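Everything below belongs to query-v1.cif, which stores mmCIF, C-alpha atoms.
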```
data_target
#
loop_
_atom_site.label_atom_id
_atom_site.label_comp_id
_atom_site.auth_asym_id
_atom_site.auth_seq_id
_atom_site.Cartn_x
_atom_site.Cartn_y
_atom_site.Cartn_z
CA MET A 1 -10.50 -4.81 11.66
CA TYR A 2 -12.45 -6.98 9.19
CA LEU A 3 -15.49 -4.69 9.38
CA LEU A 4 -13.29 -1.61 9.14
CA ILE A 5 -11.74 -2.94 5.94
CA HIS A 6 -15.27 -3.40 4.57
CA ARG A 7 -16.45 -0.04 5.92
CA GLY A 8 -19.32 1.56 4.06
CA ARG A 9 -21.12 -1.70 3.34
CA ALA A 10 -22.59 -4.59 5.26
CA VAL A 11 -20.91 -7.99 5.27
CA GLY A 12 -23.26 -10.95 5.31
CA GLU A 13 -23.47 -12.95 8.52
CA ASP A 14 -22.78 -16.18 6.61
CA LYS A 15 -19.68 -14.63 5.02
CA ILE A 16 -18.31 -13.54 8.39
CA MET A 17 -18.88 -16.98 9.92
CA GLU A 18 -17.34 -18.73 6.92
CA THR A 19 -14.27 -16.48 7.12
CA PHE A 20 -13.56 -16.80 10.85
CA TRP A 21 -15.35 -19.95 12.08
CA PRO A 22 -15.78 -22.41 9.21
CA GLY A 23 -17.34 -25.75 9.99
CA ASP A 24 -20.13 -26.06 12.53
CA PRO A 25 -22.76 -23.34 11.75
CA GLU A 26 -24.20 -23.37 15.27
CA LYS A 27 -20.81 -22.90 16.93
CA ALA A 28 -19.92 -20.26 14.35
CA GLN A 29 -23.08 -18.29 15.12
CA ASN A 30 -22.42 -18.46 18.86
CA SER A 31 -18.84 -17.31 18.29
CA LEU A 32 -20.03 -14.44 16.08
CA TYR A 33 -22.54 -13.17 18.62
CA SER A 34 -20.04 -13.48 21.46
CA THR A 35 -17.40 -11.60 19.48
CA LEU A 36 -19.84 -8.85 18.50
CA HIS A 37 -20.85 -8.44 22.13
CA ARG A 38 -17.23 -8.06 23.26
CA LEU A 39 -16.49 -5.70 20.37
CA ARG A 40 -19.41 -3.46 21.23
CA LYS A 41 -18.38 -3.36 24.88
CA ALA A 42 -14.86 -2.37 23.91
CA LEU A 43 -15.84 0.36 21.45
CA GLU A 44 -19.26 1.70 22.38
CA LYS A 45 -18.17 4.51 24.76
CA LYS A 46 -18.17 7.90 23.09
CA GLY A 47 -16.01 10.78 24.24
CA ASP A 48 -18.92 12.37 26.14
CA GLY A 49 -19.68 9.15 28.01
CA SER A 50 -22.81 8.32 26.03
CA LEU A 51 -23.17 5.16 24.00
CA ALA A 52 -22.86 4.65 20.26
CA ASP A 53 -23.11 1.28 18.55
CA PRO A 54 -19.89 0.74 16.54
CA VAL A 55 -21.37 -2.29 14.74
CA LEU A 56 -24.65 -1.95 12.86
CA HIS A 57 -26.93 -4.87 12.06
CA GLN A 58 -27.96 -4.23 8.47
CA GLY A 59 -30.36 -6.74 6.97
CA LYS A 60 -28.64 -10.13 7.15
CA GLY A 61 -25.21 -8.67 7.77
CA TYR A 62 -23.11 -6.34 9.86
CA GLY A 63 -21.19 -3.20 9.11
CA PHE A 64 -18.95 -0.72 10.90
CA ASN A 65 -20.77 2.44 11.94
CA THR A 66 -18.85 5.07 9.98
CA ASP A 67 -20.87 7.86 11.63
CA ILE A 68 -18.99 7.49 14.89
CA GLN A 69 -15.73 9.39 15.32
CA HIS A 70 -12.82 7.17 14.36
CA SER A 71 -9.40 7.18 12.75
CA PHE A 72 -8.19 4.36 10.53
CA ASP A 73 -4.66 4.55 9.18
CA VAL A 74 -5.41 2.20 6.26
CA GLU A 75 -8.22 4.47 5.11
CA GLU A 76 -6.04 7.57 5.46
CA PHE A 77 -3.15 5.91 3.62
CA GLU A 78 -5.31 4.84 0.69
CA SER A 79 -6.98 8.24 0.52
CA SER A 80 -3.60 10.01 0.36
CA TYR A 81 -2.42 7.55 -2.28
CA GLU A 82 -5.50 8.02 -4.48
CA LYS A 83 -5.34 11.82 -4.23
CA GLY A 84 -1.65 11.75 -5.09
CA ALA A 85 -2.19 9.44 -8.07
CA ARG A 86 -4.95 11.66 -9.50
CA LEU A 87 -2.83 14.79 -9.13
CA TRP A 88 0.16 13.02 -10.68
CA GLU A 89 -1.86 12.05 -13.73
CA SER A 90 -2.98 15.67 -14.12
CA ARG A 91 0.69 16.72 -13.91
CA GLN A 92 0.34 18.56 -10.62
CA ARG A 93 3.50 16.87 -9.42
CA GLY A 94 4.26 19.06 -6.39
CA ASP A 95 0.78 18.64 -4.90
CA ALA A 96 0.88 14.94 -5.73
CA ALA A 97 4.21 14.54 -3.94
CA ALA A 98 2.76 16.12 -0.79
CA HIS A 99 0.06 13.43 -0.68
CA PHE A 100 2.58 10.69 -1.42
CA GLN A 101 4.80 11.94 1.41
CA ARG A 102 1.83 11.73 3.77
CA ALA A 103 1.11 8.20 2.54
CA ASP A 104 4.76 7.33 3.19
CA ARG A 105 4.44 8.56 6.78
CA LEU A 106 1.19 6.67 7.30
CA TYR A 107 2.39 3.31 6.02
CA GLY A 108 3.32 1.35 9.11
CA GLY A 109 4.62 -1.81 7.47
CA GLU A 110 3.01 -5.14 6.74
CA PHE A 111 -0.76 -5.16 7.32
CA LEU A 112 -1.68 -7.49 10.21
CA GLU A 113 1.75 -9.09 10.31
CA GLY A 114 1.52 -12.77 11.19
CA VAL A 115 -2.10 -13.14 10.01
CA TYR A 116 -2.36 -15.38 6.94
CA GLU A 117 -6.09 -15.60 6.31
CA ASP A 118 -7.12 -14.97 2.71
CA TRP A 119 -8.89 -11.67 3.38
CA ALA A 120 -5.89 -10.27 5.27
CA LEU A 121 -3.43 -11.44 2.60
CA ALA A 122 -5.49 -9.71 -0.11
CA VAL A 123 -5.50 -6.41 1.79
CA ARG A 124 -1.79 -6.76 2.62
CA GLU A 125 -0.91 -7.27 -1.06
CA ARG A 126 -3.04 -4.31 -2.14
CA LEU A 127 -1.43 -1.97 0.40
CA GLU A 128 2.09 -3.16 -0.42
CA ARG A 129 1.54 -2.52 -4.12
CA LYS A 130 0.27 0.98 -3.43
CA TYR A 131 3.17 1.71 -1.09
CA LEU A 132 5.63 0.52 -3.71
CA ASP A 133 3.98 2.96 -6.14
CA VAL A 134 4.38 5.74 -3.56
CA LEU A 135 8.11 5.11 -3.31
CA VAL A 136 8.56 5.04 -7.09
CA TYR A 137 6.48 8.20 -7.57
CA LEU A 138 8.57 10.04 -4.97
CA ALA A 139 11.83 8.78 -6.50
CA GLN A 140 10.73 10.10 -9.88
CA PHE A 141 9.55 13.41 -8.41
CA TYR A 142 12.81 14.14 -6.63
CA ASN A 143 14.94 13.06 -9.60
CA GLU A 144 12.92 15.37 -11.88
CA ASP A 145 13.29 18.14 -9.29
CA GLY A 146 17.07 17.75 -9.20
CA ARG A 147 17.16 16.48 -5.62
CA PHE A 148 18.97 13.31 -6.55
CA ASP A 149 19.93 12.18 -3.04
CA LEU A 150 16.25 11.95 -2.14
CA GLY A 151 15.34 10.39 -5.48
CA ILE A 152 18.01 7.73 -5.03
CA SER A 153 16.94 7.10 -1.43
CA TYR A 154 13.31 6.45 -2.38
CA ALA A 155 14.35 4.29 -5.33
CA GLU A 156 16.62 2.22 -3.07
CA ARG A 157 13.76 1.68 -0.64
CA ALA A 158 11.54 0.53 -3.50
CA VAL A 159 14.18 -1.94 -4.71
CA ASP A 160 14.63 -3.23 -1.17
CA MET A 161 10.89 -3.81 -1.00
CA GLU A 162 10.57 -5.49 -4.40
CA ARG A 163 13.77 -6.52 -6.21
CA CYS A 164 11.97 -7.11 -9.50
CA GLU A 165 10.40 -3.64 -9.65
CA GLU A 166 11.93 -2.32 -12.88
CA ARG A 167 10.63 1.22 -12.38
CA ALA A 168 12.62 1.53 -9.16
CA HIS A 169 15.81 0.30 -10.81
CA ALA A 170 15.27 2.79 -13.64
CA GLU A 171 14.92 5.65 -11.16
CA LEU A 172 18.10 4.52 -9.43
CA MET A 173 19.87 4.57 -12.80
CA ASN A 174 18.42 7.99 -13.55
CA GLY A 175 19.37 9.42 -10.17
CA TYR A 176 22.91 8.06 -10.34
CA PHE A 177 23.44 9.27 -13.91
CA ARG A 178 22.07 12.76 -13.39
CA SER A 179 24.09 13.21 -10.20
CA GLY A 180 27.33 12.34 -12.01
CA LYS A 181 27.61 8.72 -10.90
CA ARG A 182 27.62 7.15 -14.35
CA ASP A 183 29.42 3.96 -13.32
CA LEU A 184 26.83 3.27 -10.63
CA ALA A 185 24.04 3.82 -13.15
CA VAL A 186 25.56 1.30 -15.57
CA ARG A 187 26.12 -1.19 -12.74
CA GLN A 188 22.49 -0.81 -11.67
CA TYR A 189 21.34 -1.68 -15.18
CA HIS A 190 23.35 -4.89 -15.18
CA THR A 191 21.99 -5.71 -11.73
CA LEU A 192 18.47 -5.26 -13.05
CA CYS A 193 19.19 -7.47 -16.09
CA LYS A 194 20.40 -10.30 -13.86
CA ILE A 195 17.47 -10.02 -11.43
CA LEU A 196 14.87 -10.02 -14.21
CA LYS A 197 16.51 -12.96 -15.96
CA ASP A 198 17.02 -15.04 -12.81
CA HIS A 199 13.62 -14.42 -11.23
CA LEU A 200 11.26 -13.81 -14.15
CA GLY A 201 13.07 -14.95 -17.28
CA LEU A 202 12.65 -11.46 -18.72
CA SER A 203 14.76 -8.63 -20.13
CA PRO A 204 14.39 -4.90 -19.34
CA SER A 205 11.66 -2.99 -21.15
CA PRO A 206 12.47 -0.71 -24.13
CA PRO A 207 12.36 2.53 -22.05
CA THR A 208 14.93 1.13 -19.61
CA VAL A 209 17.11 -0.10 -22.49
CA ARG A 210 16.97 3.38 -24.02
CA LEU A 211 17.95 4.93 -20.68
CA HIS A 212 20.93 2.58 -20.53
CA LEU A 213 21.98 3.57 -24.06
CA GLN A 214 21.66 7.24 -23.16
CA ILE A 215 23.92 6.67 -20.15
CA THR A 216 26.55 4.64 -21.97
CA GLN A 217 26.67 6.95 -24.98
CA SER A 218 26.94 10.15 -22.97
#
```

Produce structure tokens that represent the structure in this file.
Amino acid sequence: MYLLIHRGRAVGEDKIMETFWPGDPEKAQNSLYSTLHRLRKALEKKGDGSLADPVLHQGKGYGFNTDIQHSFDVEEFESSYEKGARLWESRQRGDAAAHFQRADRLYGGEFLEGVYEDWALAVRERLERKYLDVLVYLAQFYNEDGRFDLGISYAERAVDMERCEERAHAELMNGYFRSGKRDLAVRQYHTLCKILKDHLGLSPSPPTVRLHLQITQS
């Protein structure tokens, strides 16, 4: 998994040993070579029965052999996210939403749940942030498209994932208001105010305040 995350480039042998077997360099090197041997045995069989080395020794490091046939859900998720984000910025919202929906299907939850090493935590945080963006983008798309039940559903999922995500609260307010649930929209604003104050010592941003005024003055 570590080499897959760093696919496309070699990771130095010293860096790998420091990450997984800090301490005794000799024991770390033995552990590295033993692990590489087991990994190659587990992955080297190709579909036609011939052999392909899944781990390449490149200079003073190792890298995953991206030329062999493989599927990696993290790579597919991030690719769908990036394509969706580019299309969204160019205002091709329908095409963007299709990529975001695929990213939503691909996201399988917390990356390497139960693993708390620094490298895994960094990847986990990156993927969670992108998935939160996916939910907010889809909430906005469906609210703009008049499909408020779906917009509200995605916004609720985003709030469940990150209570302090103001964009998600704003889409909930928007979805409630535009679907005729004005009281729920106002209540959501006050919920957001309390969460931001209690957890971050902040107030809602000007766009969210303006949305609240639009709702209350309607």

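Separating CA of Gly63 in chain A from CA of Leu127 in chain A is a distance of 21.6 Å.
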
The PyMOL selection byres ((chain A and resi 74) around 12) resolved against shown file, as number ranges by chain: A: 1-2, 4-7, 71-73, 75-81, 103-112, 123-124, 126-128, 130-131

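Using all atoms listed in the file, the smallest distance between any of A:Val186, A:Leu196, A:Ile152, A:Ala170 and Gln217 in chain A comes from A:Val186.
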
Give me the residues within 12 Å of Arg147 in chain A as JSON, numbers by chain, counting all atoms listed in the file and dropping any in the same chain fewer than 6 places off. {"A": [138, 139, 140, 141, 153, 154, 174, 175, 176, 178, 179]}

Have a look at CA of Ala28 in chain A and CA of Gly61 in chain A and let me know their distance in Å, one decimal. 14.3 Å

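Across the structure, CA of Lys197 in chain A and CA of Val159 in chain A are spaced 15.9 Å apart.
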
Determine, counting all atoms listed in the file, every residue of protein, DNA or RNA that lies within 6 Å of (8.8, 4.0, -0.8) in the file coordinates, then give the result as a VMD selection string. chain A and resid 132 134 to 135 154 157 to 158

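Residues with any atom within 8 Å of Leu192 in chain A, counting only C-alpha atoms and excluding same-chain neighbours fewer than 2 positions away, are A:Cys164, A:Glu166, A:His169, A:Gln188, A:Tyr189, A:His190, A:Lys194, A:Ile195, A:Leu196, A:Pro204.
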
For Phe148 in chain A, which residue out of A:Gly12, A:Arg129, A:Met161, A:Gly180 is the nearest one, using only C-alpha atoms? A:Gly180

Name the residues that the PyMOL selection byres ((chain A and resi 99) around 7) pulls out of this structure, and write them as a PyMOL selection string. chain A and resi 80-81+83-84+95-98+100-103

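Residue nearest Glu165 in chain A within the list A:Arg40, A:Lys181, A:Asn143, A:Leu200: A:Leu200 [criterion: smallest interatomic distance, all atoms listed in the file].
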
Taking all atoms of range 198-208 of chain A that the file lists, what box with edges along x, y and z, padded by 5 Å per side, do you get, with centre and edge lengths in Å to one decimal, as AutoDock Vina command-line options?
```
--center_x 14.1 --center_y -6.3 --center_z -17.7 --size_x 15.8 --size_y 27.6 --size_z 22.9
```

For the file shown, what are the residues hit by the PyMOL selection byres ((chain A and resi 29-33) around 12), laid out as a short mmCIF file (atom, residue, chain, number, x, y, z; two decimals) with C-alpha atoms, keeping the file's coordinate frame?
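And here's result17.cif as it stands now:
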```
data_model
loop_
_atom_site.label_atom_id
_atom_site.label_comp_id
_atom_site.auth_asym_id
_atom_site.auth_seq_id
_atom_site.Cartn_x
_atom_site.Cartn_y
_atom_site.Cartn_z
CA GLY A 12 -23.26 -10.95 5.31
CA GLU A 13 -23.47 -12.95 8.52
CA ASP A 14 -22.78 -16.18 6.61
CA LYS A 15 -19.68 -14.63 5.02
CA ILE A 16 -18.31 -13.54 8.39
CA MET A 17 -18.88 -16.98 9.92
CA GLU A 18 -17.34 -18.73 6.92
CA THR A 19 -14.27 -16.48 7.12
CA PHE A 20 -13.56 -16.80 10.85
CA TRP A 21 -15.35 -19.95 12.08
CA PRO A 22 -15.78 -22.41 9.21
CA GLY A 23 -17.34 -25.75 9.99
CA ASP A 24 -20.13 -26.06 12.53
CA PRO A 25 -22.76 -23.34 11.75
CA GLU A 26 -24.20 -23.37 15.27
CA LYS A 27 -20.81 -22.90 16.93
CA ALA A 28 -19.92 -20.26 14.35
CA SER A 34 -20.04 -13.48 21.46
CA THR A 35 -17.40 -11.60 19.48
CA LEU A 36 -19.84 -8.85 18.50
CA HIS A 37 -20.85 -8.44 22.13
CA ARG A 38 -17.23 -8.06 23.26
CA LEU A 39 -16.49 -5.70 20.37
CA ARG A 40 -19.41 -3.46 21.23
CA VAL A 55 -21.37 -2.29 14.74
CA HIS A 57 -26.93 -4.87 12.06
CA GLY A 61 -25.21 -8.67 7.77
CA TYR A 62 -23.11 -6.34 9.86
#
```

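Remark: for Gly8 in chain A, the closest of the candidate residues A:Val136, A:Ala168, A:Ala122, A:Leu56 is A:Leu56 (distances computed over only C-alpha atoms).
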